[in-house]
file structure28.csv (CSV, C-alpha atoms (C1' of nucleotides))
chain,number,residue,atom,x,y,z
B,22,MET,CA,9.4,-3.0,-21.0
B,23,ALA,CA,6.7,-4.5,-23.2
B,24,ARG,CA,4.4,-6.9,-21.6
B,25,LYS,CA,5.2,-10.4,-22.9
B,26,SER,CA,2.3,-12.7,-22.7
B,27,ILE,CA,-0.6,-13.4,-20.4
B,28,PRO,CA,0.8,-14.1,-17.0
B,29,VAL,CA,-0.7,-17.1,-15.1
B,30,ARG,CA,-3.9,-16.5,-13.1
B,31,ARG,CA,-3.1,-16.6,-9.4
B,32,SER,CA,-6.5,-17.8,-8.3
B,33,GLY,CA,-10.2,-18.1,-9.3
B,34,CYS,CA,-11.2,-15.1,-7.1
B,35,PRO,CA,-12.8,-12.2,-9.0
B,36,VAL,CA,-11.1,-9.7,-6.8
B,37,SER,CA,-7.7,-11.3,-7.5
B,38,ALA,CA,-8.5,-11.3,-11.3
B,39,ALA,CA,-9.4,-7.7,-11.2
B,40,LEU,CA,-6.2,-6.8,-9.3
B,41,GLU,CA,-4.1,-8.6,-11.8
B,42,LEU,CA,-5.1,-6.1,-14.4
B,43,LEU,CA,-5.5,-3.0,-12.2
B,44,GLY,CA,-3.3,-3.6,-9.2
B,45,ASP,CA,-0.7,-1.0,-9.7
B,46,ARG,CA,-0.2,2.7,-9.0
B,47,TRP,CA,-1.2,3.9,-12.4
B,48,SER,CA,-3.8,1.9,-14.3
B,49,LEU,CA,-6.8,3.0,-12.3
B,50,LEU,CA,-5.6,6.6,-12.5
B,51,LEU,CA,-5.6,6.4,-16.3
B,52,ILE,CA,-9.1,5.0,-16.2
B,53,ARG,CA,-10.1,7.8,-13.9
B,54,ASP,CA,-8.7,10.3,-16.4
B,55,MET,CA,-10.7,8.8,-19.2
B,56,MET,CA,-13.8,8.2,-17.1
B,57,VAL,CA,-14.3,11.3,-15.1
B,58,ARG,CA,-12.1,13.9,-16.9
B,59,GLY,CA,-12.7,13.0,-20.5
B,60,TYR,CA,-9.0,12.7,-21.3
B,61,ARG,CA,-8.2,10.9,-24.5
B,62,THR,CA,-4.6,11.6,-25.5
B,63,PHE,CA,-1.1,10.5,-24.3
B,64,ARG,CA,-0.4,14.1,-23.6
B,65,GLU,CA,-3.4,14.6,-21.4
B,66,PHE,CA,-2.5,11.6,-19.3
B,67,GLN,CA,1.1,12.7,-19.0
B,68,HIS,CA,0.1,16.1,-17.7
B,69,SER,CA,-2.8,14.9,-15.5
B,70,GLY,CA,-1.1,15.8,-12.3
B,71,GLU,CA,0.6,12.8,-10.8
B,72,GLY,CA,3.6,12.7,-13.2
B,73,ILE,CA,3.7,9.4,-14.8
B,74,ALA,CA,6.8,8.7,-16.9
B,75,SER,CA,6.3,8.3,-20.6
B,76,ASN,CA,7.6,4.8,-20.8
B,77,ILE,CA,5.3,3.6,-18.0
B,78,LEU,CA,2.4,5.4,-19.6
B,79,THR,CA,3.0,3.6,-22.9
B,80,ASP,CA,3.3,0.3,-21.1
B,81,ARG,CA,0.1,0.8,-19.1
B,82,LEU,CA,-2.0,1.9,-22.1
B,83,ARG,CA,-0.8,-1.1,-24.1
B,84,ARG,CA,-1.6,-3.3,-21.2
B,85,LEU,CA,-5.1,-1.9,-20.7
B,86,GLU,CA,-5.6,-2.3,-24.4
B,87,ALA,CA,-4.4,-5.9,-24.3
B,88,HIS,CA,-7.0,-6.6,-21.6
B,89,GLY,CA,-9.8,-5.1,-23.5
B,90,ILE,CA,-10.3,-2.1,-21.2
B,91,VAL,CA,-9.2,0.5,-23.6
B,92,THR,CA,-9.4,1.0,-27.4
B,93,VAL,CA,-7.0,2.9,-29.5
B,94,GLU,CA,-7.8,4.9,-32.7
B,95,PRO,CA,-6.0,7.6,-34.6
B,96,ALA,CA,-7.4,11.0,-34.0
B,97,ALA,CA,-9.4,12.2,-37.0
B,98,GLU,CA,-8.4,15.8,-36.7
B,99,ASP,CA,-4.7,15.3,-36.1
B,100,GLY,CA,-2.6,12.6,-37.7
B,101,ARG,CA,0.0,12.7,-34.9
B,102,SER,CA,-2.5,12.2,-32.2
B,103,ILE,CA,-4.1,9.0,-30.9
B,104,HIS,CA,-7.3,8.7,-29.0
B,105,TYR,CA,-7.6,6.3,-26.1
B,106,ARG,CA,-11.1,5.4,-25.0
B,107,LEU,CA,-12.6,3.1,-22.5
B,108,THR,CA,-14.4,0.0,-23.8
B,109,GLU,CA,-17.7,-1.2,-22.3
B,110,LYS,CA,-15.6,-3.3,-20.0
B,111,GLY,CA,-13.7,-0.3,-19.0
B,112,ILE,CA,-16.6,2.0,-18.3
B,113,ALA,CA,-18.1,-0.8,-16.3
B,114,LEU,CA,-15.5,0.0,-13.7
B,115,ALA,CA,-17.4,3.2,-12.9
B,116,PRO,CA,-19.1,1.9,-9.7
B,117,ALA,CA,-15.9,0.6,-8.3
B,118,MET,CA,-14.2,3.9,-9.2
B,119,LEU,CA,-17.0,5.9,-7.5
B,120,GLU,CA,-16.8,3.9,-4.3
B,121,LEU,CA,-13.0,4.3,-4.3
B,122,LEU,CA,-13.4,8.0,-4.7
B,123,ILE,CA,-15.9,8.3,-1.9
B,124,TRP,CA,-13.7,6.2,0.4
B,125,GLY,CA,-10.6,8.3,-0.4
B,126,ALA,CA,-12.5,11.5,0.2
B,127,HIS,CA,-13.7,10.3,3.5
B,128,HIS,CA,-10.6,8.7,4.9
B,129,GLU,CA,-7.7,10.6,3.4
B,130,GLU,CA,-6.9,14.2,3.1
B,131,THR,CA,-7.8,15.4,-0.3
B,132,ASP,CA,-8.8,18.5,-2.1
B,133,ALA,CA,-12.3,17.2,-2.9
B,134,PRO,CA,-14.9,19.6,-1.5
B,135,CYS,CA,-17.2,17.8,1.0
B,136,ALA,CA,-20.3,19.1,-0.7
B,137,VAL,CA,-19.4,17.5,-3.9
B,138,ILE,CA,-18.6,14.2,-2.3
B,139,GLU,CA,-21.8,14.2,-0.3
B,140,HIS,CA,-23.8,14.9,-3.4
B,141,MET,CA,-22.2,11.9,-5.2
B,142,GLU,CA,-22.9,9.7,-2.2
B,143,GLN,CA,-26.5,10.6,-2.2
B,144,ASN,CA,-26.9,10.3,-5.9
B,145,ARG,CA,-24.8,7.4,-6.8
B,146,ALA,CA,-27.2,6.1,-9.5
B,147,ALA,CA,-27.5,9.5,-11.2
B,148,VAL,CA,-23.8,10.1,-11.1
B,149,LEU,CA,-23.2,6.7,-12.7
B,150,ALA,CA,-25.9,7.2,-15.3
B,151,GLU,CA,-24.4,10.5,-16.3
B,152,THR,CA,-20.9,9.0,-16.4
B,153,TYR,CA,-22.2,6.2,-18.7
B,154,ARG,CA,-24.1,8.7,-20.9
B,155,ARG,CA,-21.0,10.8,-21.5
B,156,TRP,CA,-19.0,7.7,-22.4
B,157,LYS,CA,-21.7,6.5,-24.7
B,158,GLU,CA,-22.1,9.9,-26.5
B,159,ARG,CA,-18.4,10.5,-26.4
B,160,ASP,CA,-19.0,13.7,-24.5
B,161,PRO,CA,-15.6,14.7,-23.2
B,162,GLU,CA,-17.0,17.1,-20.7
B,163,PRO,CA,-15.4,16.2,-17.3
B,164,ILE,CA,-17.7,14.9,-14.6
B,165,LEU,CA,-15.4,16.4,-12.1
B,166,PRO,CA,-12.7,19.0,-12.5
B,167,PRO,CA,-9.2,17.9,-11.3
B,168,PHE,CA,-9.7,19.1,-7.8
B,169,GLN,CA,-7.3,21.9,-7.4
B,170,ALA,CA,-4.3,19.6,-7.5
B,171,GLN,CA,-3.4,20.8,-11.0
B,172,ALA,CA,-2.1,24.1,-9.7
B,173,LYS,CA,0.5,22.7,-7.4
B,174,SER,CA,1.5,19.6,-9.3
B,175,LYS,CA,5.0,19.4,-10.5
B,176,ALA,CA,5.8,19.2,-14.2
B,177,PRO,CA,5.4,15.7,-15.7
B,178,LYS,CA,8.4,13.4,-15.7
B,179,GLY,CA,9.9,11.4,-18.4
B,180,THR,CA,10.1,13.9,-21.3
B,181,ARG,CA,12.3,16.9,-21.1
B,182,ARG,CA,13.0,18.8,-24.3
B,183,ARG,CA,16.6,19.9,-25.1
M,970,MET,CA,12.1,-3.7,3.1
M,971,ALA,CA,10.5,-1.6,5.9
M,972,ARG,CA,8.5,1.4,4.9
M,973,LYS,CA,10.4,4.5,5.8
M,974,SER,CA,8.1,7.4,6.2
M,975,ILE,CA,5.0,8.8,4.6
M,976,PRO,CA,5.8,9.4,0.9
M,977,VAL,CA,4.7,12.6,-0.7
M,978,ARG,CA,1.1,12.9,-1.8
M,979,ARG,CA,0.9,13.0,-5.6
M,980,SER,CA,-2.2,15.0,-5.9
M,981,GLY,CA,-5.4,16.1,-4.2
M,982,CYS,CA,-7.5,13.6,-5.9
M,983,PRO,CA,-9.2,11.1,-3.6
M,984,VAL,CA,-8.8,8.2,-6.2
M,985,SER,CA,-5.1,9.0,-6.3
M,986,ALA,CA,-4.9,9.1,-2.5
M,987,ALA,CA,-6.6,5.8,-2.2
M,988,LEU,CA,-4.3,4.2,-4.7
M,989,GLU,CA,-1.3,5.4,-2.9
M,990,LEU,CA,-2.3,3.1,0.0
M,991,LEU,CA,-3.9,0.3,-2.0
M,992,GLY,CA,-2.4,0.4,-5.4
M,993,ASP,CA,-0.3,-2.7,-5.5
M,994,ARG,CA,-0.9,-6.4,-6.2
M,995,TRP,CA,-1.4,-7.5,-2.6
M,996,SER,CA,-2.9,-4.9,-0.3
M,997,LEU,CA,-6.5,-5.3,-1.4
M,998,LEU,CA,-6.1,-9.0,-1.4
M,999,LEU,CA,-5.3,-9.0,2.2
M,1000,ILE,CA,-8.2,-6.7,2.9
M,1001,ARG,CA,-10.4,-9.1,1.0
M,1002,ASP,CA,-9.1,-12.0,3.2
M,1003,MET,CA,-10.0,-10.1,6.3
M,1004,MET,CA,-13.2,-8.7,5.0
M,1005,VAL,CA,-14.9,-11.6,3.3
M,1006,ARG,CA,-13.1,-14.7,4.5
M,1007,GLY,CA,-12.6,-13.7,8.2
M,1008,TYR,CA,-8.9,-14.3,8.1
M,1009,ARG,CA,-6.9,-12.9,10.9
M,1010,THR,CA,-3.4,-14.4,11.1
M,1011,PHE,CA,-0.2,-14.2,9.2
M,1012,ARG,CA,-0.5,-17.9,8.4
M,1013,GLU,CA,-3.9,-17.6,6.9
M,1014,PHE,CA,-2.9,-14.8,4.6
M,1015,GLN,CA,0.1,-16.7,3.6
M,1016,HIS,CA,-1.9,-19.8,2.6
M,1017,SER,CA,-4.8,-17.9,1.1
M,1018,GLY,CA,-4.2,-19.0,-2.4
M,1019,GLU,CA,-2.2,-16.4,-4.3
M,1020,GLY,CA,1.1,-17.2,-2.7
M,1021,ILE,CA,2.5,-14.0,-1.2
M,1022,ALA,CA,6.1,-14.1,0.0
M,1023,SER,CA,6.5,-13.8,3.8
M,1024,ASN,CA,8.7,-10.7,3.6
M,1025,ILE,CA,6.1,-8.9,1.3
M,1026,LEU,CA,3.3,-10.0,3.6
M,1027,THR,CA,5.1,-8.5,6.6
M,1028,ASP,CA,5.7,-5.3,4.7
M,1029,ARG,CA,2.1,-5.0,3.6
M,1030,LEU,CA,0.6,-5.7,7.0
M,1031,ARG,CA,2.9,-3.0,8.5
M,1032,ARG,CA,2.0,-0.6,5.8
M,1033,LEU,CA,-1.8,-1.1,6.2
M,1034,GLU,CA,-1.3,-0.7,9.9
M,1035,ALA,CA,0.7,2.5,9.4
M,1036,HIS,CA,-2.2,3.9,7.3
M,1037,GLY,CA,-4.8,3.0,9.9
M,1038,ILE,CA,-6.5,0.3,7.8
M,1039,VAL,CA,-5.5,-2.6,10.0
M,1040,THR,CA,-5.0,-3.1,13.8
M,1041,VAL,CA,-2.7,-5.6,15.4
M,1042,GLU,CA,-3.2,-7.4,18.7
M,1043,PRO,CA,-1.7,-10.5,20.2
M,1044,ALA,CA,-4.0,-13.4,20.1
M,1045,ALA,CA,-5.5,-14.2,23.5
M,1046,GLU,CA,-5.5,-17.9,23.1
M,1047,ASP,CA,-2.0,-18.4,21.6
M,1048,GLY,CA,1.0,-16.2,22.6
M,1049,ARG,CA,2.8,-16.8,19.4
M,1050,SER,CA,-0.1,-15.7,17.3
M,1051,ILE,CA,-1.1,-12.2,16.3
M,1052,HIS,CA,-4.5,-11.1,15.1
M,1053,TYR,CA,-4.8,-8.6,12.3
M,1054,ARG,CA,-8.2,-6.9,12.0
M,1055,LEU,CA,-9.7,-4.2,9.8
M,1056,THR,CA,-10.3,-0.8,11.4
M,1057,GLU,CA,-13.4,1.2,10.7
M,1058,LYS,CA,-11.5,2.8,7.9
M,1059,GLY,CA,-10.6,-0.6,6.6
M,1060,ILE,CA,-14.1,-2.0,6.7
M,1061,ALA,CA,-15.3,1.1,4.9
M,1062,LEU,CA,-13.7,-0.3,1.8
M,1063,ALA,CA,-16.4,-2.9,1.6
M,1064,PRO,CA,-18.5,-1.1,-1.1
M,1065,ALA,CA,-15.4,-0.6,-3.3
M,1066,MET,CA,-14.4,-4.2,-2.7
M,1067,LEU,CA,-17.9,-5.4,-3.6
M,1068,GLU,CA,-18.0,-3.5,-6.9
M,1069,LEU,CA,-14.5,-4.8,-7.8
M,1070,LEU,CA,-15.7,-8.3,-7.1
M,1071,ILE,CA,-18.8,-7.9,-9.3
M,1072,TRP,CA,-16.7,-6.3,-12.1
M,1073,GLY,CA,-14.1,-9.1,-11.9
M,1074,ALA,CA,-16.8,-11.8,-12.0
M,1075,HIS,CA,-18.5,-10.2,-15.0
M,1076,HIS,CA,-15.5,-9.3,-17.1
M,1077,GLU,CA,-12.8,-11.9,-16.3
M,1078,GLU,CA,-12.9,-15.6,-16.1
M,1079,THR,CA,-13.2,-16.7,-12.5
M,1080,ASP,CA,-14.5,-19.5,-10.4
M,1081,ALA,CA,-17.3,-17.4,-8.9
M,1082,PRO,CA,-20.7,-19.0,-9.5
M,1083,CYS,CA,-23.0,-16.7,-11.5
M,1084,ALA,CA,-25.8,-17.3,-9.1
M,1085,VAL,CA,-23.8,-16.0,-6.2
M,1086,ILE,CA,-22.7,-12.9,-8.1
M,1087,GLU,CA,-26.1,-12.2,-9.3
M,1088,HIS,CA,-27.4,-12.4,-5.8
M,1089,MET,CA,-24.8,-10.0,-4.5
M,1090,GLU,CA,-25.6,-7.6,-7.3
M,1091,GLN,CA,-29.3,-7.6,-6.5
M,1092,ASN,CA,-28.7,-7.3,-2.8
M,1093,ARG,CA,-25.8,-5.0,-2.4
M,1094,ALA,CA,-27.1,-3.3,0.7
M,1095,ALA,CA,-27.9,-6.5,2.5
M,1096,VAL,CA,-24.5,-8.0,1.6
M,1097,LEU,CA,-22.8,-4.9,2.9
M,1098,ALA,CA,-24.8,-4.8,6.0
M,1099,GLU,CA,-23.9,-8.4,6.7
M,1100,THR,CA,-20.3,-7.7,6.0
M,1101,TYR,CA,-20.3,-4.8,8.5
M,1102,ARG,CA,-22.2,-6.8,11.1
M,1103,ARG,CA,-19.6,-9.6,11.0
M,1104,TRP,CA,-16.8,-7.2,11.3
M,1105,LYS,CA,-18.5,-5.4,14.2
M,1106,GLU,CA,-19.3,-8.6,16.1
M,1107,ARG,CA,-15.9,-10.1,15.2
M,1108,ASP,CA,-17.7,-13.0,13.6
M,1109,PRO,CA,-15.1,-14.8,11.6
M,1110,GLU,CA,-17.6,-16.7,9.5
M,1111,PRO,CA,-16.6,-16.1,5.8
M,1112,ILE,CA,-19.1,-14.2,3.7
M,1113,LEU,CA,-17.9,-16.1,0.7
M,1114,PRO,CA,-15.8,-19.3,0.6
M,1115,PRO,CA,-12.5,-19.1,-1.4
M,1116,PHE,CA,-14.2,-20.0,-4.7
M,1117,GLN,CA,-12.6,-23.3,-5.5
M,1118,ALA,CA,-9.2,-21.8,-6.0
M,1119,GLN,CA,-7.9,-23.2,-2.8
M,1120,ALA,CA,-7.8,-26.7,-4.3
M,1121,LYS,CA,-5.5,-26.0,-7.2
M,1122,SER,CA,-3.4,-23.3,-5.6
M,1123,LYS,CA,0.2,-23.9,-5.3
M,1124,ALA,CA,2.0,-24.0,-1.9
M,1125,PRO,CA,2.7,-20.6,-0.5
M,1126,LYS,CA,6.1,-19.1,-1.2
M,1127,GLY,CA,8.7,-17.6,1.0
M,1128,THR,CA,8.9,-20.1,3.8
M,1129,ARG,CA,10.1,-23.6,3.3
M,1130,ARG,CA,11.0,-25.8,6.3
M,1131,ARG,CA,14.3,-27.8,6.2
W,1174,DT,C1',12.7,-32.1,26.7
W,1175,DT,C1',12.2,-32.2,22.2
W,1176,DA,C1',9.7,-31.1,18.3
W,1177,DT,C1',6.6,-28.1,16.1
W,1178,DT,C1',4.3,-23.9,15.0
W,1179,DA,C1',3.6,-18.7,14.5
W,1180,DG,C1',5.6,-14.9,12.8
W,1181,DG,C1',8.9,-13.2,11.3
W,1182,DT,C1',14.3,-11.6,9.2
W,1183,DT,C1',18.1,-11.9,5.9
W,1184,DG,C1',20.7,-12.2,1.6
W,1185,DC,C1',20.6,-12.3,-3.0
W,1186,DA,C1',18.8,-12.5,-7.8
W,1187,DT,C1',15.2,-10.8,-10.8
W,1188,DT,C1',11.8,-7.6,-12.3
W,1189,DT,C1',9.7,-3.3,-12.4
W,1190,DT,C1',10.0,1.6,-12.0
W,1191,DG,C1',11.7,6.1,-12.7
W,1192,DC,C1',14.4,9.5,-15.2
W,1193,DA,C1',16.4,12.0,-19.0
W,1194,DA,C1',17.4,12.1,-23.4
W,1195,DG,C1',16.8,10.7,-28.3
W,1196,DT,C1',13.6,9.5,-32.4
W,1197,DT,C1',10.0,9.8,-36.0
W,1198,DA,C1',6.1,11.4,-38.1
W,1199,DT,C1',2.9,15.0,-38.4
W,1200,DC,C1',1.3,19.8,-38.2
W,1201,DT,C1',1.7,25.1,-38.2
W,1202,DC,C1',3.3,29.4,-39.4
W,1203,DG,C1',5.9,32.8,-42.1
P,813,DC,C1',8.2,25.6,-49.1
P,814,DG,C1',11.2,25.3,-45.0
P,815,DA,C1',12.0,25.8,-40.0
P,816,DG,C1',10.3,25.1,-36.0
P,817,DA,C1',6.9,22.9,-32.8
P,818,DT,C1',4.2,18.8,-31.2
P,819,DA,C1',2.5,14.1,-30.4
P,820,DA,C1',3.7,9.8,-29.2
P,821,DC,C1',6.9,7.0,-28.4
P,822,DT,C1',11.8,4.4,-27.6
P,823,DT,C1',16.2,3.7,-25.4
P,824,DG,C1',19.7,3.3,-21.8
P,825,DC,C1',20.8,3.2,-17.4
P,826,DA,C1',20.1,3.6,-12.3
P,827,DA,C1',17.2,2.8,-8.3
P,828,DA,C1',13.6,0.6,-6.0
P,829,DA,C1',10.4,-3.2,-5.3
P,830,DT,C1',9.6,-8.0,-5.5
P,831,DG,C1',10.4,-12.9,-5.2
P,832,DC,C1',12.8,-16.9,-3.4
P,833,DA,C1',14.9,-19.8,-0.1
P,834,DA,C1',17.0,-20.2,4.0
P,835,DC,C1',17.4,-19.0,8.8
P,836,DC,C1',15.8,-17.3,13.5
P,837,DT,C1',13.3,-16.7,18.0
P,838,DA,C1',9.6,-17.2,21.2
P,839,DA,C1',5.8,-19.9,22.6
P,840,DT,C1',3.2,-24.1,22.6
P,841,DA,C1',2.4,-29.2,22.3
P,842,DA,C1',3.6,-34.1,22.8

call {"tool": "encode", "arguments": {"input": "structure28.csv", "output": "structure tokens"}}
result
Amino acid sequence: MARKSIPVRRSGCPVSAALELLGDRWSLLLIRDMMVRGYRTFREFQHSGEGIASNILTDRLRRLEAHGIVTVEPAAEDGRSIHYRLTEKGIALAPAMLELLIWGAHHEETDAPCAVIEHMEQNRAAVLAETYRRWKERDPEPILPPFQAQAKSKAPKGTRRR
Amino acid sequence: MARKSIPVRRSGCPVSAALELLGDRWSLLLIRDMMVRGYRTFREFQHSGEGIASNILTDRLRRLEAHGIVTVEPAAEDGRSIHYRLTEKGIALAPAMLELLIWGAHHEETDAPCAVIEHMEQNRAAVLAETYRRWKERDPEPILPPFQAQAKSKAPKGTRRR
DNA sequence: TTATTAGGTTGCATTTTGCAAGTTATCTCG
DNA sequence: CGAGATAACTTGCAAAATGCAACCTAATAA
């Protein structure tokens, strides 16, 4: 399951390069969790609504770490826990994330309230500045709540207790 | 290989919704080809540098069509050929694509010239307007050339003639 | 009319994902 | 202090997605 070495680059295109790191169903979701929800622990990611399996979660966190998008440090207050945090490179994905969010809200059916989306569209710079500020100050306050979804999401997969 | 039906939505989050359509290694690359390079045919996608297999290409084009991101029409000038084209929903991904491109250029090693990237960063609106104009007028002139890559790319996979 | 080209399909091997259960090292509470 | 909980994994196995090479059909070109 572990990622071996650096796979070959497919082309010199920046979009292609970005997709080699982020082009799967989970990576950007984890980045979203850290960026807009202030999540930091394995547990939080696991329960964040879409139901990622724990082995995949481990793999993705390692991979993001290997690519310098995430850093890992033991939690000060609990020796069992580990804090994952975006690096500068990771938080720099905020503009792309914001555009993706706006696109999704416009073109797919989601639980995002129109008013919220509209506000973000009209205040892109301010939203990004606030996102960056929270990252910098390690302020875990979510930019956005998890849009309803939480309520009707199924239990997370990949770890059932006996 | 064919996509059966609409899979269940994982959550009400717009980012999640977007990633359900685009969260794989190829879809956004095809969209890039159509959006910034003006590619329209199966062949062009197949030779676009990253080496997608023909069965996967078929699958992804169908999938994008099923999600209303791409339309399909027979080419007027050649009965064998088919033109794939972004829909309004598809071209609306331009801002996200641009941000991803800028991020990739800054944070990964690519063949994109700094000057070009810098220009795009400082003229986002103009670049987007031009992208949209070309789409609307069906102007196939590429916004950006394929950044070197073409030269050293391997031959496409998945179709070898006897 | 024969060869070539566009856009596929098919079969099979490899890789990646998903699922459930097990493991280890901390905590927390009585 | 000892008996659970908890956090973060790991493991084994099955299922799905991907990659590869070859083959196919319709339309065009020489």

call {"tool": "closest_residue", "arguments": {"input": "structure28.csv", "among": "P:DC825, P:DA841, P:DA815, P:DA833", "to": "DT1177 of chain W", "atoms": "all atoms listed in the file"}}
result
P:DA841

call {"tool": "closest_residue", "arguments": {"input": "structure28.csv", "among": "B:Arg64, B:His128, B:Arg58, B:Arg159", "to": "chain P", "atoms": "all atoms listed in the file"}}
result
B:Arg64

call {"tool": "closest_residue", "arguments": {"input": "structure28.csv", "among": "M:Ala1081, M:Leu1055, M:Val1096, M:Ala1035", "to": "chain B", "atoms": "only C-alpha atoms"}}
result
M:Ala1081

call {"tool": "interface_residues", "arguments": {"input": "structure28.csv", "of": "chain M", "to": "chain B", "cutoff": "6 Å", "atoms": "all atoms listed in the file", "output": "list in words"}}
result
Arg979, Ser980, Gly981, Cys982, Pro983, Val984, Ala987, Gly992, Asp993, Arg994, Glu1019, Ala1065, Glu1068, Leu1069, Leu1070, Gly1073, Ala1074, Thr1079, Asp1080 and Ala1118 of chain M

call {"tool": "residues_near_point", "arguments": {"input": "structure28.csv", "point": "(6.7, -18.9, 14.2)", "cutoff": "8 Å", "atoms": "only C-alpha atoms (C1' of nucleotides)", "output": "short mmCIF file (atom, residue, chain, number, x, y, z; two decimals) with C-alpha atoms (C1' of nucleotides), in the frame of the given file"}}
result
data_model
loop_
_atom_site.label_atom_id
_atom_site.label_comp_id
_atom_site.auth_asym_id
_atom_site.auth_seq_id
_atom_site.Cartn_x
_atom_site.Cartn_y
_atom_site.Cartn_z
CA ARG M 1049 2.80 -16.80 19.40
"C1'" DT W 1178 4.30 -23.90 15.00
"C1'" DA W 1179 3.60 -18.70 14.50
"C1'" DG W 1180 5.60 -14.90 12.80
"C1'" DG W 1181 8.90 -13.20 11.30
"C1'" DT P 837 13.30 -16.70 18.00
"C1'" DA P 838 9.60 -17.20 21.20
#

call {"tool": "interface_residues", "arguments": {"input": "structure28.csv", "of": "chain B", "to": "chain P", "cutoff": "12 Å", "atoms": "all atoms listed in the file", "output": "VMD selection string"}}
result
chain B and resid 22 to 23 62 to 67 74 to 80 83 95 to 96 99 to 104 179 to 180 182

call {"tool": "atom_distance", "arguments": {"input": "structure28.csv", "atom1": "atom CA of Thr1100 of chain M", "atom2": "atom CA of Thr1040 of chain M"}}
result
17.8 Å

call {"tool": "atom_distance", "arguments": {"input": "structure28.csv", "atom1": "atom CA of Asp160 of chain B", "atom2": "atom CA of Glu139 of chain B"}}
result
24.4 Å

call {"tool": "atom_distance", "arguments": {"input": "structure28.csv", "atom1": "atom CA of Tyr1008 of chain M", "atom2": "atom CA of Ala1098 of chain M"}}
result
18.6 Å

call {"tool": "interface_residues", "arguments": {"input": "structure28.csv", "of": "chain W", "to": "chain B", "cutoff": "10 Å", "atoms": "all atoms listed in the file", "output": "ChimeraX atom specification"}}
result
/W:1189-1195,1198-1200

call {"tool": "write_last_selection", "arguments": {"input": "structure28.csv", "atoms": "C-alpha atoms (C1' of nucleotides)", "output": "PDB file, in the coordinates of the input"}}
result
ATOM      1  C1'  DT W1189       9.700  -3.300 -12.400  1.00  0.00           C
ATOM      2  C1'  DT W1190      10.000   1.600 -12.000  1.00  0.00           C
ATOM      3  C1'  DG W1191      11.700   6.100 -12.700  1.00  0.00           C
ATOM      4  C1'  DC W1192      14.400   9.500 -15.200  1.00  0.00           C
ATOM      5  C1'  DA W1193      16.400  12.000 -19.000  1.00  0.00           C
ATOM      6  C1'  DA W1194      17.400  12.100 -23.400  1.00  0.00           C
ATOM      7  C1'  DG W1195      16.800  10.700 -28.300  1.00  0.00           C
ATOM      8  C1'  DA W1198       6.100  11.400 -38.100  1.00  0.00           C
ATOM      9  C1'  DT W1199       2.900  15.000 -38.400  1.00  0.00           C
ATOM     10  C1'  DC W1200       1.300  19.800 -38.200  1.00  0.00           C
TER      11       DC W1200
END

call {"tool": "residues_around", "arguments": {"input": "structure28.csv", "residues": "Trp1104 of chain M", "least_positions_apart": "5", "cutoff": "8 Å", "atoms": "all atoms listed in the file", "output": "PyMOL selection string"}}
result
chain M and resi 1004+1055+1060+1109

call {"tool": "build_atoms", "arguments": {"input": "structure28.csv", "residues": "segment 48-58 of chain B", "atoms": "N, CA and C atoms", "output": "PDB file, in the coordinates of the input"}}
result
ATOM      1  N   SER B  48      -2.687   2.290 -13.384  1.00  0.00           N
ATOM      2  CA  SER B  48      -3.800   1.900 -14.300  1.00  0.00           C
ATOM      3  C   SER B  48      -5.120   2.521 -13.928  1.00  0.00           C
ATOM      4  N   LEU B  49      -5.496   2.471 -12.672  1.00  0.00           N
ATOM      5  CA  LEU B  49      -6.800   3.000 -12.300  1.00  0.00           C
ATOM      6  C   LEU B  49      -6.812   4.553 -12.423  1.00  0.00           C
ATOM      7  N   LEU B  50      -5.638   5.143 -12.327  1.00  0.00           N
ATOM      8  CA  LEU B  50      -5.600   6.600 -12.500  1.00  0.00           C
ATOM      9  C   LEU B  50      -5.837   6.978 -13.936  1.00  0.00           C
ATOM     10  N   LEU B  51      -5.333   6.185 -14.847  1.00  0.00           N
ATOM     11  CA  LEU B  51      -5.600   6.400 -16.300  1.00  0.00           C
ATOM     12  C   LEU B  51      -7.074   6.244 -16.559  1.00  0.00           C
ATOM     13  N   ILE B  52      -7.638   5.214 -15.960  1.00  0.00           N
ATOM     14  CA  ILE B  52      -9.100   5.000 -16.200  1.00  0.00           C
ATOM     15  C   ILE B  52      -9.886   6.118 -15.586  1.00  0.00           C
ATOM     16  N   ARG B  53      -9.469   6.607 -14.438  1.00  0.00           N
ATOM     17  CA  ARG B  53     -10.100   7.800 -13.900  1.00  0.00           C
ATOM     18  C   ARG B  53     -10.048   8.966 -14.866  1.00  0.00           C
ATOM     19  N   ASP B  54      -8.867   9.188 -15.442  1.00  0.00           N
ATOM     20  CA  ASP B  54      -8.700  10.300 -16.400  1.00  0.00           C
ATOM     21  C   ASP B  54      -9.680  10.191 -17.545  1.00  0.00           C
ATOM     22  N   MET B  55      -9.807   8.981 -18.066  1.00  0.00           N
ATOM     23  CA  MET B  55     -10.700   8.800 -19.200  1.00  0.00           C
ATOM     24  C   MET B  55     -12.180   8.886 -18.743  1.00  0.00           C
ATOM     25  N   MET B  56     -12.443   8.302 -17.585  1.00  0.00           N
ATOM     26  CA  MET B  56     -13.800   8.200 -17.100  1.00  0.00           C
ATOM     27  C   MET B  56     -14.404   9.484 -16.622  1.00  0.00           C
ATOM     28  N   VAL B  57     -13.695  10.163 -15.759  1.00  0.00           N
ATOM     29  CA  VAL B  57     -14.300  11.300 -15.100  1.00  0.00           C
ATOM     30  C   VAL B  57     -13.784  12.658 -15.698  1.00  0.00           C
ATOM     31  N   ARG B  58     -12.629  12.628 -16.340  1.00  0.00           N
ATOM     32  CA  ARG B  58     -12.100  13.900 -16.900  1.00  0.00           C
ATOM     33  C   ARG B  58     -12.227  14.023 -18.357  1.00  0.00           C
TER      34      ARG B  58
END
